[in-house]
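Below you'll find the structure, written out as structure tokens, and then a few comments.
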Amino acid sequence: MQTPNQNPSRATTKPCASSPAEPRMRRREFLRRTALAAGLVALTGPWLRAEESQPRRFDPFETVTLGKSGIRTSRFSLGTGMRGGNRQSNHTRMGREKLQALIRESYERGTRLFDLADLYGTHPYLIPALEGVPRDRYQIVTKIWFQPGGIPEPERPDADVVVERFLRELKTDYIDLVLLHCVTSPNWPRELSKQMEILARLKEKGIIRAHGVSCHSLEALKAAAEEPWVDSVHARINPFQMSMDGPPDEVVPVLRKIKAAGKGIVGMKLVGEGRLRNDPDKRDESIRFVLGLGCVDVMTVGCETIQEVDDFTERVRKVPRPAQAAA
């Protein structure tokens, strides 16, 4: 009978002495493995060197940071305001089912920033399109329209009242980036100072994460470069001066100044507000130009079909990164 803590097999087992042939076997196995590893290096070395010599290319869905705002999102952003006004756009006119399918399919490809506005009327479409997706997996930018006309009602309530409505329409607890929409005056920081103060307080409370402006004149853009309140700027940029605030050689230095000040830059009108839709060579040229500037963080494009999303993002993937852009 086995007594407690007694193991007969352990008691009768003795360590085996090494046989004289074992060192030779170990040596042969070592040499075999060394030769195999050398062969793998010889086979893969040229491939690895060739791979390393290939230029790194831009990824439309890589994560980028909007200046010092702390907002990390995709390089490509889906715009929803093509021909927008009076709370309508080409996107809303396509119907709820098609627009929500476009948003969802764009998200599934890697889009994380969705560009909305009160002017476009696209708030109610986003959250239902992304049903089941955790809120922190995507970012929302929207814009307050403060000018006369543009939206149905004549009143222009203060930013806190407007943002409260935005939250209800979006069915969300916070908005990542809120912009004052379509600033044109060089004195907009003084003229809109009350709304800027309100948005700053909303940011302190965590209701919005960042604030800024979308610019529609060169003087307004210059003012954004100087204004410390600005976290991020939507700026019109392409090499053809299509729907832009001025010629590229005047706009680009201002964008670089904005970037140097630590502000985010979202480039818009890269496809010339749709005018380059049927010109693939100029679309390529515009994408290369904007990515080559090194100061535009995000590109927002009002694609109206998932095929247009795929076309644009594939063109981004063809652009080699400049040496300073390779991370």
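Residues are named by chain letter and number: chains run A, B, ... in the order of the structure tokens, numbers start at 1 in each chain, and ligands are numbered from 1 in the order shown.
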
Run DSSP on the backbone of this structure and report the residues of range 118-185 of chain A it assigns to helix (DSSP H, G or I), as number ranges by chain.
A: 123-129, 135-137, 159-170

Can you tell me, as an MDAnalysis selection string, what residues are no more than 9 Å from range 99-106 of chain A when counting only C-alpha atoms, ignoring any on the same chain fewer than 5 positions away?
chainID A and resid 78 80 91:94 111:112 114 125:131 303:306 309:310

Any chance you could export the current selection's N, CA and C atoms as a PDB file, in the first residue's frame?
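Done, and the output landed in part13.pdb:
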```
ATOM      1  N   LEU A  78     -15.046  62.118 -44.005  1.00  0.00           N
ATOM      2  CA  LEU A  78     -16.177  62.143 -44.921  1.00  0.00           C
ATOM      3  C   LEU A  78     -16.973  63.427 -44.710  1.00  0.00           C
ATOM      4  N   THR A  80     -20.200  65.938 -45.560  1.00  0.00           N
ATOM      5  CA  THR A  80     -21.623  65.668 -45.825  1.00  0.00           C
ATOM      6  C   THR A  80     -22.340  66.917 -46.309  1.00  0.00           C
ATOM      7  N   HIS A  91     -26.092  65.242 -49.883  1.00  0.00           N
ATOM      8  CA  HIS A  91     -26.095  64.041 -49.044  1.00  0.00           C
ATOM      9  C   HIS A  91     -27.479  63.789 -48.444  1.00  0.00           C
ATOM     10  N   THR A  92     -28.129  64.810 -47.939  1.00  0.00           N
ATOM     11  CA  THR A  92     -29.474  64.584 -47.400  1.00  0.00           C
ATOM     12  C   THR A  92     -30.459  64.295 -48.525  1.00  0.00           C
ATOM     13  N   ARG A  93     -30.226  64.883 -49.686  1.00  0.00           N
ATOM     14  CA  ARG A  93     -31.148  64.683 -50.805  1.00  0.00           C
ATOM     15  C   ARG A  93     -31.084  63.270 -51.382  1.00  0.00           C
ATOM     16  N   MET A  94     -30.017  62.538 -51.061  1.00  0.00           N
ATOM     17  CA  MET A  94     -29.959  61.150 -51.542  1.00  0.00           C
ATOM     18  C   MET A  94     -30.880  60.224 -50.742  1.00  0.00           C
ATOM     19  N   THR A 111     -12.753  55.259 -42.010  1.00  0.00           N
ATOM     20  CA  THR A 111     -13.043  56.668 -41.741  1.00  0.00           C
ATOM     21  C   THR A 111     -13.469  56.837 -40.288  1.00  0.00           C
ATOM     22  N   ARG A 112     -12.869  57.824 -39.620  1.00  0.00           N
ATOM     23  CA  ARG A 112     -13.214  58.056 -38.220  1.00  0.00           C
ATOM     24  C   ARG A 112     -13.704  59.477 -37.959  1.00  0.00           C
ATOM     25  N   PHE A 114     -16.231  62.516 -39.171  1.00  0.00           N
ATOM     26  CA  PHE A 114     -17.397  62.815 -39.996  1.00  0.00           C
ATOM     27  C   PHE A 114     -17.704  64.300 -39.857  1.00  0.00           C
ATOM     28  N   TYR A 125     -28.509  61.957 -39.126  1.00  0.00           N
ATOM     29  CA  TYR A 125     -28.175  60.760 -39.906  1.00  0.00           C
ATOM     30  C   TYR A 125     -27.002  59.968 -39.327  1.00  0.00           C
ATOM     31  N   LEU A 126     -26.133  60.633 -38.581  1.00  0.00           N
ATOM     32  CA  LEU A 126     -24.855  60.002 -38.228  1.00  0.00           C
ATOM     33  C   LEU A 126     -24.999  58.863 -37.229  1.00  0.00           C
ATOM     34  N   ILE A 127     -25.559  59.145 -36.062  1.00  0.00           N
ATOM     35  CA  ILE A 127     -25.590  58.135 -35.002  1.00  0.00           C
ATOM     36  C   ILE A 127     -26.374  56.894 -35.426  1.00  0.00           C
ATOM     37  N   PRO A 128     -27.553  57.020 -36.068  1.00  0.00           N
ATOM     38  CA  PRO A 128     -28.233  55.800 -36.536  1.00  0.00           C
ATOM     39  C   PRO A 128     -27.392  54.999 -37.524  1.00  0.00           C
ATOM     40  N   ALA A 129     -26.602  55.695 -38.354  1.00  0.00           N
ATOM     41  CA  ALA A 129     -25.747  54.984 -39.309  1.00  0.00           C
ATOM     42  C   ALA A 129     -24.667  54.185 -38.600  1.00  0.00           C
ATOM     43  N   LEU A 130     -24.232  54.657 -37.439  1.00  0.00           N
ATOM     44  CA  LEU A 130     -23.146  54.000 -36.702  1.00  0.00           C
ATOM     45  C   LEU A 130     -23.679  53.258 -35.471  1.00  0.00           C
ATOM     46  N   GLU A 131     -24.908  52.808 -35.543  1.00  0.00           N
ATOM     47  CA  GLU A 131     -25.515  52.081 -34.427  1.00  0.00           C
ATOM     48  C   GLU A 131     -24.648  50.896 -34.027  1.00  0.00           C
ATOM     49  N   CYS A 303     -17.573  63.060 -50.555  1.00  0.00           N
ATOM     50  CA  CYS A 303     -17.878  61.934 -51.450  1.00  0.00           C
ATOM     51  C   CYS A 303     -19.367  61.591 -51.341  1.00  0.00           C
ATOM     52  N   GLU A 304     -19.989  61.328 -52.477  1.00  0.00           N
ATOM     53  CA  GLU A 304     -21.425  61.040 -52.488  1.00  0.00           C
ATOM     54  C   GLU A 304     -21.736  59.566 -52.712  1.00  0.00           C
ATOM     55  N   THR A 305     -20.716  58.770 -52.988  1.00  0.00           N
ATOM     56  CA  THR A 305     -20.883  57.321 -53.125  1.00  0.00           C
ATOM     57  C   THR A 305     -19.686  56.643 -52.476  1.00  0.00           C
ATOM     58  N   ILE A 306     -19.849  55.388 -52.126  1.00  0.00           N
ATOM     59  CA  ILE A 306     -18.714  54.661 -51.546  1.00  0.00           C
ATOM     60  C   ILE A 306     -17.634  54.453 -52.588  1.00  0.00           C
ATOM     61  N   VAL A 309     -15.425  57.371 -52.292  1.00  0.00           N
ATOM     62  CA  VAL A 309     -14.544  57.201 -51.132  1.00  0.00           C
ATOM     63  C   VAL A 309     -13.373  56.304 -51.509  1.00  0.00           C
ATOM     64  N   ASP A 310     -13.666  55.177 -52.145  1.00  0.00           N
ATOM     65  CA  ASP A 310     -12.612  54.238 -52.525  1.00  0.00           C
ATOM     66  C   ASP A 310     -11.644  54.865 -53.521  1.00  0.00           C
TER      67      ASP A 310
END
```

Can you tell me, as an MDAnalysis selection string, which residues in range 92-327 of chain A count as strand (DSSP E) by DSSP?
chainID A and resid 113:115 139:144 175:183 208:215 232:236 264:268 298:301

Using only C-alpha atoms, what does the table of range 166-269 of chain A residues within 8 Å of range 132-153 of chain A look like, with each row giving the shortest atom pair and its distance in Å to one decimal, sorted by chain and ascending number, as CSV?
```
residue,atom,partner,partner_atom,distance
A:Ile175,CA,A:Ile140,CA,5.9
A:Asp176,CA,A:Ile140,CA,5.4
A:Leu177,CA,A:Val141,CA,4.6
A:Val178,CA,A:Thr142,CA,5.2
A:Leu179,CA,A:Lys143,CA,4.5
A:Leu180,CA,A:Ile144,CA,5.1
A:His181,CA,A:Lys143,CA,5.2
A:Cys182,CA,A:Trp145,CA,7.6
```

Using only C-alpha atoms, pick whichever of A:Glu191, A:Val266, A:Thr73, A:Phe61 has the shortest atom-to-atom distance to Glu108 in chain A.
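That would be A:Phe61, the residue with the smallest distance to Glu108 in chain A.
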
Would you list the contacts of Leu66 in chain A as JSON, numbers by chain, taking every protein, DNA or RNA residue within 12 Å and counting only C-alpha atoms, but skipping same-chain residues closer than 4 positions in sequence?
{"A": [70, 71, 72, 73, 74, 75, 113, 139, 141, 176, 177, 209, 210, 211, 212, 230, 231, 232, 233, 234, 258, 259, 261, 262, 263, 264, 265, 266, 267, 295, 296, 297, 298, 299]}

Within 7 Å of Pro60 in chain A using only C-alpha atoms, minus same-chain residues under 6 positions, as a short mmCIF file (atom, residue, chain, number, x, y, z; two decimals) with N, CA and C atoms, in the first residue's frame:
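Result written to around04.cif:
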```
data_model
loop_
_atom_site.label_atom_id
_atom_site.label_comp_id
_atom_site.auth_asym_id
_atom_site.auth_seq_id
_atom_site.Cartn_x
_atom_site.Cartn_y
_atom_site.Cartn_z
N ARG A 75 -6.95 60.29 -41.21
CA ARG A 75 -6.49 61.33 -42.15
C ARG A 75 -7.61 61.71 -43.12
N PHE A 76 -8.41 60.74 -43.55
CA PHE A 76 -9.55 61.02 -44.42
C PHE A 76 -10.78 61.27 -43.58
N THR A 313 -9.42 57.53 -51.63
CA THR A 313 -8.47 56.94 -50.67
C THR A 313 -7.41 56.11 -51.38
N VAL A 316 -4.81 58.49 -52.48
CA VAL A 316 -3.94 58.86 -51.36
C VAL A 316 -2.85 57.82 -51.18
N ARG A 317 -3.20 56.55 -51.29
CA ARG A 317 -2.25 55.46 -51.07
C ARG A 317 -1.13 55.44 -52.11
#
```

At what distance in Å, to one decimal, does CA of Arg83 in chain A lie from CA of Ser185 in chain A?
22.4 Å

Using Å and a single decimal, report how far CA of Leu293 in chain A sits from CA of Pro320 in chain A.
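CA of Leu293 in chain A lies at a distance of 12.6 Å from CA of Pro320 in chain A.
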
So what do you get for CA of Lys222 in chain A versus CA of Pro186 in chain A, distance-wise?
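According to the coordinates, CA of Lys222 in chain A and CA of Pro186 in chain A are separated by 7.6 Å.
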
Considering only C-alpha atoms, state which residue in the set A:Arg87, A:Lys205, A:His216, A:Lys269 is at the smallest distance from Leu119 in chain A.
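Using only C-alpha atoms, Leu119 in chain A sits closest to A:Arg87.
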
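Residue nearest Arg256 in chain A within the list A:Thr300, A:Gly67, A:Gly95, A:Ser286: A:Gly67 [criterion: smallest interatomic distance, only C-alpha atoms].
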
Rank nothing, just name the residue among A:Arg109, A:His123, A:Lys194, A:Lys171 nearest to Arg96 in chain A, using only C-alpha atoms.
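Among the listed residues, the smallest separation from Arg96 in chain A belongs to A:His123.
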
Residue with smallest distance to Arg201 in chain A - pool A:Glu169, A:Glu227, A:Glu285, A:Asp160, counting only C-alpha atoms
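Looking only at the distances to Arg201 in chain A, the closest residue turns out to be A:Asp160.
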